[in-house]
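*Asks:* This structure is in structure tokens; I'll ask about it shortly.
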Amino acid sequence: MEGKLRLVKQIILCFTFFTLIHVPEVGVARSAPEIHLYLDADISGAASSSLAIEQGIATALSEVGDHVAEHKVILIKKDHRGNSRRSLDNIKDYLADQQGLAVFAGLHSPPLLDNRKFINTQEVLTLVPWAAAGPITRYPSRQNWIFRLSVDDTKAGRILANFAVKQRKAKRPALLLEDTGWGKSNHKTVSRALNELGVAPVGKYWFNWGISEQSAGLLLKKISFSGADSIIFVANAPEAKTFILAMAKEAPQTRLPVYSHWGLTGGDFPDVVIPELRQGIDLFFLQTSFSFLRRTSDAFVLNVYEKAKKLYPATIREPEDIHAPNGFVHAYDLTRILIAAINQSGLTGDIKKDRQNVRRALEDLKQPVRGLLKTYQHPFSVFDELKNYDAHEALNETNLTMGRYGDSNEILLFEPDQPGSNAN
Amino acid sequence: MASAKPHRRISLRHGITYFHIGVAVIFSFAILAVSYPFLDKTIDYFQKRIIRHQVQKVQGVIENHLTLSLKFLEDYARFPILVQGVMHVENLQPLLIDFMKNMAIAGTYPQLVLLDYKNRIIHTTLETPQFNYDQDKTFGVLSDNMKPNTSVNRLDNECYWRLAVPVVYNGHTEGRLVAELPITSINTNHIISKGLNNLSLEFLHDTDTCFSLGTVSSHGLLDYQLPDYGLTLRFGFDSTSYEHERNNVIAKLIAWIVFIICILLFATRKITRRFIEQPILALREYSTALASDSHRPSLPTSAIVEIAHLANDFEVMAGKISTREKSLREAHDTLEVKIQERTKELLQSEERLELAIQGADLGLWDWNIQTGDVFFNERWATMLGYQLDEIEPKVSTWEKLVHPDDMEKVMKTLEKHLEGETPIYQTEHRMLTKAGTWKWILDTGKVCERDEEGKPFRASGTHLDIDERKQAEEKIRHMANHDGLTGLPNRALFMDRLETALKSAHRSGTSIAVFFIDLDGFKSVNDQLGHEAGDLLLKMVAQRLQDCVRASDTVGRFGGDEFVVLLTGIAVKDSAKPAAEKIIFTLREPFVLEDKKANIGCSIGISTYPTIATTPEELIAKADNAMYRVKNAGKNDYSFAD
């Protein structure tokens, strides 16, 4: 089989070689068949997250010369602005594309949640480097098409609760969550985790997308009056900005420490909520436990950083310039895994077949894949709602930690021994 | 000049008033005449104004309604549930549906539709969604920063206001909330109560009627587009209101014209009074005051440049006039003084002249040659024995009185002077006195005025009575030519007459005879009777000789007892014989000399012309010789010379 395939490939190569000589202009196009990777993210609304994801993908692809299985890999970006309907249309575009192999999703969970059924029934090979909602990867079918290498809210809630209670000694945390599927899934996990830790939240507060600063301020006052000593906060960047800006306007003594899900890092949060505004606010947020800012002598890590720097000389000069480092790290690792899977499965040219082949390869990677966060041994497997709930989750709780913004908008990961960790 | 009619005069104020009235009348007629053909257009204009007014009202009502509705809708569009509605595909909770069901707009529950970013319906409260928003190109694709949009749409013969507001998430338009309000949802009562009486109003969409208010009329239809809504408002008038409107417009038009003309008249009246009438009246007062010379008035001021200049010129002119008047008066005064002086001098001169004339005893004449009138003075008349009032002061008076014999000479002299040949006219001539006698006058005169062509115009002169001088002169001349004893021409005169007679005879071819007579026996008489008797005898001889010849013949005395006789116009030599014999006979007769008698005789020598002699001296000498022969031959006889 393989011999035959190689023969076919050689024939094709010869053919392309001759056509190159005779019909150069056509030959260029046919020199290497393309596969298209889609990035369907909120490019305009959560710019830094989508940029970081794009950079991560591009850096990983550049390591293989943008060619996988003798196919040129093209990244096509689609902006869904956090709108599930746009995302759905983008996915339909992908489906119509005979070279569209996989879709990288962005920061937002709702599009994935809203379109989960469609994605799985229409066999859209979806890779999630950021969106955190628990149900995303738990489509109740063995034919699960969504793979995640990111925070999983089912674990995130526990991390947040642990951090609040164990690290920051919170006794009466309040829950402040967006009124979406994502928020609700977090509510469940956080509540459960707090319950396990023996702490009952003093209240849970829901808000909708696009909440005004006044409403946010009112909500914060309510929380403050409720006697809470901290806030466990689940929001995306737009609403996170609104709340933290509203909080900055409150009297300092009424400001409560905020332990946030990482959604707020997706947009231009640090640019809007500038260091001066953040000064009096004790804000920590969820991060995966890798940072370029950590001193390291790991040649692999340094190599990746150098590659990225070379690829984006205008934007990346320092490690701090990767504003949403999670997005970069997750996308990079995920792309490396994808490349490994493609290489393992090979490409037939029949896109439907190839998608299925790659999906299967992802669930059954033969070789370990070195990433920034870790070396992935069998990162994914076949999903089973009861037996293998985390089958499509590449990360586990040990890969998660908390971080905060430094003075140059860089993200500093929480170290138990670092100063300020004992605040409160 | 004679045909020039007197100018009708009018005051400036009245003139301007009449002018204004005239202009107003013409203006009114002109406006009426010009505007009448446009009356219908004007009515249209006013109707359009009314309709525009109505349109504004209706538009106001519509805008109020739509603005209010849009405001409701925009508020709803910010509700998170709606925001999430346009963002999520499957999470459209029953909550959202309930929410949309309960969305009220200004007290009504309109049909509401939530659209996604591609205008696809997410949820609608319409029972059956007939609108295909994503197919409707006019509805447009979504864009950020899009504004709320209003249009009119038709569905199942019903028109709807379609209000669409963007639903925005994170600065991006992600969908739209649309309200379909029945077009009748606007407060029609409000429109009608706002004065839609007499008007009908139809709402048209794509030429189809949506609904109408008032009784739809076909009269004076006017459409008004509301492009923002794709709607046409069609207004109509009913015919009675149209007529009413028309009359109303005409009345308004006339009122306006009258008003405008009044304003114009008032304004122009003010302006003309201020800028023309008042300055001119002031000028007039000023000039009157100047003319009356009573006092020097103050110069009127005016804003009009020309009038100000005029006033200024008046001022200058008045100054000049007064200067001239002053110098004129001075000149006049000087002249007056001079005239008085001259008059005085003249009077004195006249007096002197009068005195001189009186002294010189001159008669004066002053002749107007053109008219023939002559001024004579008293003396002129009295010189001829008349009173001044007795003579007619004409040149003919003078002509009648001049002696006819002198007339020719006088006229010649006069003509010569009048023609400028002589510097002065002077004649001596005789004039007839009242007493019928002739008087010698020295007439002297001079032309004292001539006209431009040099013709004499006036002459004057004097008459001097030279009669006495003339008589004296006659006497002297007589004495020089006549014998003092007998009064007969003496030798000089006789010789003169003889010469004249010779010339005459020569011309006429006649003959002359000269007698040289010497008295015989006179010496003895003179010696015997004395010289006195001799002189008497001589006188008597002279008398008898004169009696013997014709009056035309001349008798002369050469001295002593020698006498000569000149006979003119005789035929032949022998014609003298009877005369000689008569003289001899007569002188033989005795002379009685104072009681004494004396007898004398005479010897006569005769010479004749042209037979004997041709010169006077020769005639005398030959006759003398012939007389001597008679003497020698016996006396008392006569003899012809040889």
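All residue names refer to the structure tokens as shown: chains lettered A, B, ... in order, residues numbered from 1 in each chain, ligands numbered from 1 in order.
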For a quick test of understanding: name the residues of chain B lying within 8 Å of chain A when counting only C-alpha atoms, and present them as an MDAnalysis selection string.

*Replies:* chainID B and resid 78 80:81 83:84 86:91 116:117 169:170 172 174

*Asks:* Please identify all polymer residues within 10 Å of B:Gly454, counting only C-alpha atoms, omitting same-chain residues fewer than 2 positions from it, and present them as a list in words.

*Replies:*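 Listed by chain and then number, they are Leu418, Glu419, Gly420, Glu449, Arg450, Asp451, Glu452, Pro456 and Phe457 of chain B.
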
*Asks:* Write the selection just made, keeping N, CA, C and O atoms, as a PDB file, in the first residue's frame?

*Replies:*
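Saved as again_32.pdb:
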ATOM      1  N   LEU B 418     -23.195 168.620 -47.239  1.00  0.00           N
ATOM      2  CA  LEU B 418     -23.836 167.380 -46.761  1.00  0.00           C
ATOM      3  C   LEU B 418     -23.102 166.160 -47.289  1.00  0.00           C
ATOM      4  O   LEU B 418     -23.011 165.134 -46.609  1.00  0.00           O
ATOM      5  N   GLU B 419     -22.553 166.314 -48.469  1.00  0.00           N
ATOM      6  CA  GLU B 419     -21.809 165.189 -49.021  1.00  0.00           C
ATOM      7  C   GLU B 419     -20.382 165.140 -48.491  1.00  0.00           C
ATOM      8  O   GLU B 419     -19.590 164.274 -48.876  1.00  0.00           O
ATOM      9  N   GLY B 420     -20.060 166.095 -47.639  1.00  0.00           N
ATOM     10  CA  GLY B 420     -18.766 166.040 -46.955  1.00  0.00           C
ATOM     11  C   GLY B 420     -17.634 166.659 -47.755  1.00  0.00           C
ATOM     12  O   GLY B 420     -16.476 166.465 -47.416  1.00  0.00           O
ATOM     13  N   GLU B 449     -23.980 165.153 -36.805  1.00  0.00           N
ATOM     14  CA  GLU B 449     -24.108 163.679 -36.611  1.00  0.00           C
ATOM     15  C   GLU B 449     -24.261 163.006 -37.953  1.00  0.00           C
ATOM     16  O   GLU B 449     -24.969 163.503 -38.814  1.00  0.00           O
ATOM     17  N   ARG B 450     -23.553 161.952 -38.107  1.00  0.00           N
ATOM     18  CA  ARG B 450     -23.716 161.141 -39.301  1.00  0.00           C
ATOM     19  C   ARG B 450     -24.001 159.704 -38.880  1.00  0.00           C
ATOM     20  O   ARG B 450     -23.561 159.237 -37.820  1.00  0.00           O
ATOM     21  N   ASP B 451     -24.735 159.012 -39.755  1.00  0.00           N
ATOM     22  CA  ASP B 451     -24.976 157.593 -39.394  1.00  0.00           C
ATOM     23  C   ASP B 451     -23.782 156.750 -39.813  1.00  0.00           C
ATOM     24  O   ASP B 451     -22.761 157.275 -40.256  1.00  0.00           O
ATOM     25  N   GLU B 452     -23.927 155.433 -39.623  1.00  0.00           N
ATOM     26  CA  GLU B 452     -22.793 154.554 -39.858  1.00  0.00           C
ATOM     27  C   GLU B 452     -22.287 154.606 -41.288  1.00  0.00           C
ATOM     28  O   GLU B 452     -21.099 154.427 -41.550  1.00  0.00           O
ATOM     29  N   PRO B 456     -25.529 162.215 -43.534  1.00  0.00           N
ATOM     30  CA  PRO B 456     -25.775 163.205 -42.488  1.00  0.00           C
ATOM     31  C   PRO B 456     -27.090 162.928 -41.798  1.00  0.00           C
ATOM     32  O   PRO B 456     -28.075 162.542 -42.422  1.00  0.00           O
ATOM     33  N   PHE B 457     -27.033 163.060 -40.500  1.00  0.00           N
ATOM     34  CA  PHE B 457     -28.201 162.745 -39.704  1.00  0.00           C
ATOM     35  C   PHE B 457     -28.772 164.003 -39.057  1.00  0.00           C
ATOM     36  O   PHE B 457     -29.970 164.192 -38.984  1.00  0.00           O
TER      37      PHE B 457
END

*Asks:* When you look at stretch 97-107 of chain A with a cut-off of 7 Å (counting only C-alpha atoms), what residues show up, excluding the ones that are within fewer than 5 positions of it in the same chain? I need them as a PDB file with C-alpha atoms, in the first residue's frame.

*Replies:*
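Below is the file that was written, around.pdb:
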ATOM      1  CA  GLU A  34      -2.715  23.167  -0.472  1.00  0.00           C
ATOM      2  CA  ILE A  35      -4.528  22.466   2.656  1.00  0.00           C
ATOM      3  CA  HIS A  36      -6.358  25.266   4.372  1.00  0.00           C
ATOM      4  CA  LEU A  37      -6.426  25.806   8.076  1.00  0.00           C
ATOM      5  CA  TYR A  38      -9.137  28.199   9.244  1.00  0.00           C
ATOM      6  CA  LEU A  39      -8.907  30.504  12.175  1.00  0.00           C
ATOM      7  CA  ASP A  40     -12.478  31.387  13.124  1.00  0.00           C
ATOM      8  CA  ALA A  41     -12.105  33.822  15.979  1.00  0.00           C
ATOM      9  CA  ASP A  42     -13.171  37.204  17.275  1.00  0.00           C
ATOM     10  CA  SER A  49      -6.161  36.588  21.710  1.00  0.00           C
ATOM     11  CA  SER A  50      -6.720  35.909  18.044  1.00  0.00           C
ATOM     12  CA  VAL A 124     -15.864  20.002  11.171  1.00  0.00           C
ATOM     13  CA  LEU A 125     -12.431  19.248  12.524  1.00  0.00           C
ATOM     14  CA  THR A 126     -12.224  21.871  15.252  1.00  0.00           C
ATOM     15  CA  LEU A 127      -9.192  22.705  17.367  1.00  0.00           C
ATOM     16  CA  VAL A 128      -9.710  24.859  20.436  1.00  0.00           C
ATOM     17  CA  PRO A 129      -6.656  26.691  21.778  1.00  0.00           C
ATOM     18  CA  TRP A 130      -8.578  29.041  24.091  1.00  0.00           C
ATOM     19  CA  ALA A 131     -12.356  28.696  24.614  1.00  0.00           C
ATOM     20  CA  GLY A 266      -8.482  37.890  25.377  1.00  0.00           C
ATOM     21  CA  ILE A 351     -11.029  16.432   2.070  1.00  0.00           C
ATOM     22  CA  ARG A 355     -10.648  15.367   7.941  1.00  0.00           C
TER      23      ARG A 355
END

*Asks:* Have a look at atom CA of B:Ala435 and atom CA of B:Tyr386 and let me know their distance in Å, one decimal.

*Replies:*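 According to the coordinates, atom CA of B:Ala435 and atom CA of B:Tyr386 are separated by 9.3 Å.
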
*Asks:* Nearest to A:Ala394: which of A:Ser150, A:Ser291, A:Asn409, A:Gln55 is it, counting only C-alpha atoms?

*Replies:* A:Ser150

*Asks:* So, with only C-alpha atoms as the atoms that count, which of A:Arg158, A:His108, A:Arg360, A:His261 lies closest to A:Arg192?

*Replies:*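 Distance minimum relative to A:Arg192 lands on A:Arg158.
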
*Asks:* What lies within 10 Å of B:Ile97 using only C-alpha atoms, ignoring chain neighbours under 4 positions off, as a ChimeraX atom specification?

*Replies:* /B:81-82,85,92-93,101-102,123-125

*Asks:* Apply DSSP to the backbone of this structure and, from stretch 172-396 of chain A, keep only the residues in strand (DSSP E); write these as a ChimeraX atom specification.

*Replies:* /A:173-178,203-207,230-234,258-260,283-288,369-370,375-376

*Asks:* B:Ser396: which residues within 12 Å, counting only C-alpha atoms, same-chain residues fewer than 4 positions away excluded, as a compact mmCIF listing (two decimals) with all heavy atoms, in the first residue's frame?

*Replies:*
# COMPACT_ATOMS: atom_id res chain seq x y z
N TRP B 367 -31.38 170.95 -37.33
CA TRP B 367 -32.16 170.26 -38.38
C TRP B 367 -31.94 168.77 -38.29
O TRP B 367 -30.82 168.26 -38.40
CB TRP B 367 -31.72 170.83 -39.74
CG TRP B 367 -32.29 170.15 -40.95
CD1 TRP B 367 -33.48 169.54 -41.05
CD2 TRP B 367 -31.64 170.03 -42.21
NE1 TRP B 367 -33.68 169.05 -42.31
CE2 TRP B 367 -32.54 169.33 -43.07
CE3 TRP B 367 -30.42 170.47 -42.74
CZ2 TRP B 367 -32.25 169.05 -44.40
CZ3 TRP B 367 -30.16 170.18 -44.07
CH2 TRP B 367 -31.06 169.45 -44.89
N ILE B 369 -32.09 165.87 -40.27
CA ILE B 369 -32.14 165.70 -41.72
C ILE B 369 -33.06 164.56 -42.10
O ILE B 369 -33.73 164.58 -43.13
CB ILE B 369 -30.72 165.48 -42.26
CG1 ILE B 369 -29.86 166.72 -41.93
CG2 ILE B 369 -30.70 165.24 -43.76
CD1 ILE B 369 -28.39 166.51 -42.03
N THR B 371 -35.81 163.46 -40.48
CA THR B 371 -37.25 163.72 -40.33
C THR B 371 -37.67 165.04 -40.94
O THR B 371 -38.84 165.27 -41.19
CB THR B 371 -37.63 163.73 -38.84
OG1 THR B 371 -36.90 164.79 -38.20
CG2 THR B 371 -37.28 162.41 -38.18
N GLY B 372 -36.69 165.88 -41.15
CA GLY B 372 -37.03 167.19 -41.71
C GLY B 372 -37.46 168.19 -40.65
O GLY B 372 -37.80 169.33 -40.94
N ASP B 373 -37.46 167.72 -39.36
CA ASP B 373 -37.84 168.64 -38.29
C ASP B 373 -36.68 169.59 -38.01
O ASP B 373 -35.50 169.21 -38.10
CB ASP B 373 -38.14 167.86 -37.00
CG ASP B 373 -39.39 167.00 -37.19
OD1 ASP B 373 -40.23 167.35 -38.05
OD2 ASP B 373 -39.50 165.96 -36.50
N VAL B 374 -37.02 170.80 -37.70
CA VAL B 374 -35.98 171.79 -37.39
C VAL B 374 -36.37 172.51 -36.12
O VAL B 374 -37.51 172.82 -35.89
CB VAL B 374 -35.83 172.83 -38.53
CG1 VAL B 374 -34.68 173.78 -38.24
CG2 VAL B 374 -35.61 172.14 -39.86
N ILE B 391 -44.18 180.05 -36.91
CA ILE B 391 -43.53 179.28 -37.97
C ILE B 391 -43.54 177.80 -37.65
O ILE B 391 -43.46 177.38 -36.48
CB ILE B 391 -42.06 179.75 -38.18
CG1 ILE B 391 -41.30 179.69 -36.86
CG2 ILE B 391 -42.02 181.13 -38.81
CD1 ILE B 391 -39.83 179.90 -37.01
N GLU B 392 -43.68 177.04 -38.69
CA GLU B 392 -43.68 175.59 -38.53
C GLU B 392 -42.23 175.11 -38.41
O GLU B 392 -41.39 175.50 -39.23
CB GLU B 392 -44.33 174.95 -39.77
CG GLU B 392 -44.75 173.52 -39.53
CD GLU B 392 -45.30 172.88 -40.82
OE1 GLU B 392 -45.37 173.55 -41.87
OE2 GLU B 392 -45.60 171.66 -40.76
N LYS B 400 -39.08 177.79 -48.07
CA LYS B 400 -40.04 178.72 -48.67
C LYS B 400 -39.56 180.18 -48.61
O LYS B 400 -39.92 181.02 -49.45
CB LYS B 400 -41.38 178.63 -47.93
CG LYS B 400 -42.21 177.43 -48.34
CD LYS B 400 -43.48 177.40 -47.46
CE LYS B 400 -44.05 176.00 -47.39
NZ LYS B 400 -44.97 175.90 -46.25
N LEU B 401 -38.77 180.41 -47.56
CA LEU B 401 -38.42 181.82 -47.32
C LEU B 401 -37.14 182.27 -48.06
O LEU B 401 -36.87 183.46 -48.15
CB LEU B 401 -38.25 182.04 -45.81
CG LEU B 401 -39.54 181.85 -44.99
CD1 LEU B 401 -39.25 182.00 -43.51
CD2 LEU B 401 -40.61 182.86 -45.40
N VAL B 402 -36.38 181.28 -48.56
CA VAL B 402 -35.15 181.66 -49.25
C VAL B 402 -35.50 182.33 -50.61
O VAL B 402 -36.43 181.89 -51.29
CB VAL B 402 -34.27 180.41 -49.48
CG1 VAL B 402 -33.05 180.76 -50.33
CG2 VAL B 402 -33.80 179.83 -48.15

*Asks:* Suppose you want the space between atom CA of A:Ala324 and atom CA of A:Ile411; what is it in Å?

*Replies:*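 Between these atoms lies a distance of 8.1 Å.
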
*Asks:* What is the atom CA of A:Ala133-atom CA of A:Asn186 distance in Å, reported with one decimal?

*Replies:*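 Distance reported for this atom pair: 7.6 Å.
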
*Asks:* Contacts of stretch 514-523 of chain B at 9 Å or less, counting only C-alpha atoms, minus same-chain residues fewer than 3 places along, as a short mmCIF file (atom, residue, chain, number, x, y, z; two decimals) with N, CA and C atoms, in the first residue's frame?

*Replies:*
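Here's the written file selection_38.cif:
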data_model
loop_
_atom_site.label_atom_id
_atom_site.label_comp_id
_atom_site.auth_asym_id
_atom_site.auth_seq_id
_atom_site.Cartn_x
_atom_site.Cartn_y
_atom_site.Cartn_z
N LEU B 498 -20.11 196.89 -71.36
CA LEU B 498 -19.84 196.82 -72.79
C LEU B 498 -19.20 195.48 -73.14
N ASN B 526 -22.21 226.54 -67.91
CA ASN B 526 -21.50 226.41 -66.63
C ASN B 526 -20.87 227.71 -66.22
N ASP B 527 -20.29 228.41 -67.20
CA ASP B 527 -19.66 229.65 -66.88
C ASP B 527 -20.67 230.69 -66.54
N GLN B 528 -21.76 230.77 -67.28
CA GLN B 528 -22.79 231.81 -67.08
C GLN B 528 -23.67 231.58 -65.90
N GLY B 534 -24.81 224.00 -63.71
CA GLY B 534 -24.17 223.03 -64.66
C GLY B 534 -24.42 221.62 -64.21
N LEU B 537 -27.90 220.78 -64.80
CA LEU B 537 -28.10 220.51 -66.22
C LEU B 537 -27.63 219.11 -66.57
N LEU B 538 -26.45 218.75 -66.02
CA LEU B 538 -25.90 217.42 -66.30
C LEU B 538 -26.87 216.34 -65.84
N GLY B 560 -17.08 215.17 -67.06
CA GLY B 560 -17.40 216.48 -67.64
C GLY B 560 -18.76 216.44 -68.32
N ASP B 561 -18.68 216.78 -69.58
CA ASP B 561 -19.94 216.77 -70.34
C ASP B 561 -19.97 215.66 -71.37
N GLU B 562 -19.11 214.57 -71.13
CA GLU B 562 -19.07 213.42 -72.03
C GLU B 562 -19.96 212.29 -71.49
N PHE B 563 -20.89 211.87 -72.33
CA PHE B 563 -21.79 210.77 -72.01
C PHE B 563 -21.62 209.67 -73.05
N VAL B 564 -21.89 208.43 -72.63
CA VAL B 564 -21.86 207.28 -73.58
C VAL B 564 -23.16 206.49 -73.47
N VAL B 565 -23.55 205.98 -74.67
CA VAL B 565 -24.77 205.13 -74.67
C VAL B 565 -24.43 203.80 -75.37
N LEU B 566 -24.93 202.78 -74.77
CA LEU B 566 -24.71 201.43 -75.35
C LEU B 566 -26.07 200.88 -75.78
N LEU B 567 -26.13 200.61 -77.05
CA LEU B 567 -27.38 200.03 -77.56
C LEU B 567 -27.09 198.59 -77.96
N THR B 568 -27.85 197.69 -77.36
CA THR B 568 -27.64 196.28 -77.65
C THR B 568 -28.79 195.75 -78.49
N ALA B 576 -29.20 202.54 -85.56
CA ALA B 576 -28.77 203.46 -84.53
C ALA B 576 -29.16 204.91 -84.89
N ALA B 580 -29.94 208.24 -82.43
CA ALA B 580 -29.05 209.38 -82.43
C ALA B 580 -29.85 210.64 -82.71
N LEU B 587 -32.05 216.90 -76.73
CA LEU B 587 -31.15 217.79 -76.03
C LEU B 587 -31.21 219.19 -76.56
N ASN B 599 -29.89 226.61 -73.33
CA ASN B 599 -29.93 225.83 -74.56
C ASN B 599 -28.56 225.29 -74.85
N ILE B 600 -28.61 223.98 -75.05
CA ILE B 600 -27.36 223.30 -75.42
C ILE B 600 -27.64 222.37 -76.58
N GLY B 601 -26.69 221.84 -77.17
CA GLY B 601 -26.81 220.78 -78.20
C GLY B 601 -25.82 219.69 -77.90
N CYS B 602 -25.76 218.75 -78.86
CA CYS B 602 -24.77 217.68 -78.63
C CYS B 602 -24.20 217.17 -79.94
N SER B 603 -23.03 216.69 -79.88
CA SER B 603 -22.37 216.02 -81.02
C SER B 603 -22.21 214.57 -80.66
N ILE B 604 -22.60 213.72 -81.66
CA ILE B 604 -22.60 212.27 -81.34
C ILE B 604 -21.73 211.52 -82.36
N GLY B 605 -20.74 210.76 -81.84
CA GLY B 605 -19.95 209.80 -82.67
C GLY B 605 -20.47 208.40 -82.42
N ILE B 606 -20.62 207.68 -83.57
CA ILE B 606 -21.20 206.33 -83.38
C ILE B 606 -20.25 205.29 -83.96
N SER B 607 -20.00 204.27 -83.08
CA SER B 607 -19.26 203.07 -83.58
C SER B 607 -20.14 201.84 -83.39
N THR B 608 -19.95 200.95 -84.27
CA THR B 608 -20.79 199.75 -84.19
C THR B 608 -19.94 198.46 -84.19
N TYR B 609 -20.51 197.53 -83.61
CA TYR B 609 -19.96 196.18 -83.60
C TYR B 609 -20.86 195.33 -84.42
N LEU B 619 -14.09 200.45 -79.89
CA LEU B 619 -15.42 201.00 -80.12
C LEU B 619 -15.50 202.43 -79.56
N ILE B 620 -14.99 202.58 -78.30
CA ILE B 620 -15.03 203.88 -77.64
C ILE B 620 -14.18 204.87 -78.46
N ALA B 623 -15.73 205.80 -81.76
CA ALA B 623 -16.90 206.65 -81.55
C ALA B 623 -16.43 208.07 -81.16
N ASP B 624 -15.39 208.15 -80.29
CA ASP B 624 -14.82 209.43 -79.86
C ASP B 624 -14.30 210.18 -81.07
N ASN B 625 -13.60 209.46 -81.92
CA ASN B 625 -13.08 210.07 -83.14
C ASN B 625 -14.21 210.62 -84.00
N ALA B 626 -15.24 209.82 -84.16
CA ALA B 626 -16.37 210.23 -84.98
C ALA B 626 -17.05 211.45 -84.38
N MET B 627 -17.10 211.57 -83.07
CA MET B 627 -17.73 212.72 -82.39
C MET B 627 -16.90 213.99 -82.68
N TYR B 628 -15.58 213.81 -82.64
CA TYR B 628 -14.75 214.97 -82.90
C TYR B 628 -14.93 215.47 -84.31
N LYS B 631 -17.92 217.52 -84.22
CA LYS B 631 -17.63 218.81 -83.58
C LYS B 631 -17.00 219.77 -84.55
N LYS B 635 -21.20 220.70 -85.30
CA LYS B 635 -21.92 220.40 -84.08
C LYS B 635 -23.35 220.05 -84.30
N ASN B 636 -24.04 219.61 -83.23
CA ASN B 636 -25.44 219.15 -83.25
C ASN B 636 -25.75 218.12 -84.35
N TYR B 638 -24.71 214.03 -85.84
CA TYR B 638 -24.11 212.74 -85.48
C TYR B 638 -23.30 212.21 -86.65
#

*Asks:* Stretch 203-208 of chain B: which residues within 7 Å, counting only C-alpha atoms, same-chain residues fewer than 5 positions away excluded, as a list of chain:residue names?

*Replies:*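 The contact residues come out as B:Gly230, B:Leu231, B:Thr232, B:Leu233, B:Arg234.
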
*Asks:* Go through stretch 136-278 of chain A and collect every residue that DSSP, computed from the backbone, puts in helix (DSSP H, G or I); the answer should be as an MDAnalysis selection string.

*Replies:* chainID A and resid 136:137 153:167 181:197 213:225 237:249 252:254 262:266 269:272 275:278

*Asks:* Could you tell me which of A:Ser185, A:Ser141, A:Lys352, A:Ala32 comes closest to A:Gln122 if we count only C-alpha atoms?

*Replies:*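 The shortest atom-to-atom distance to A:Gln122 comes from A:Lys352.
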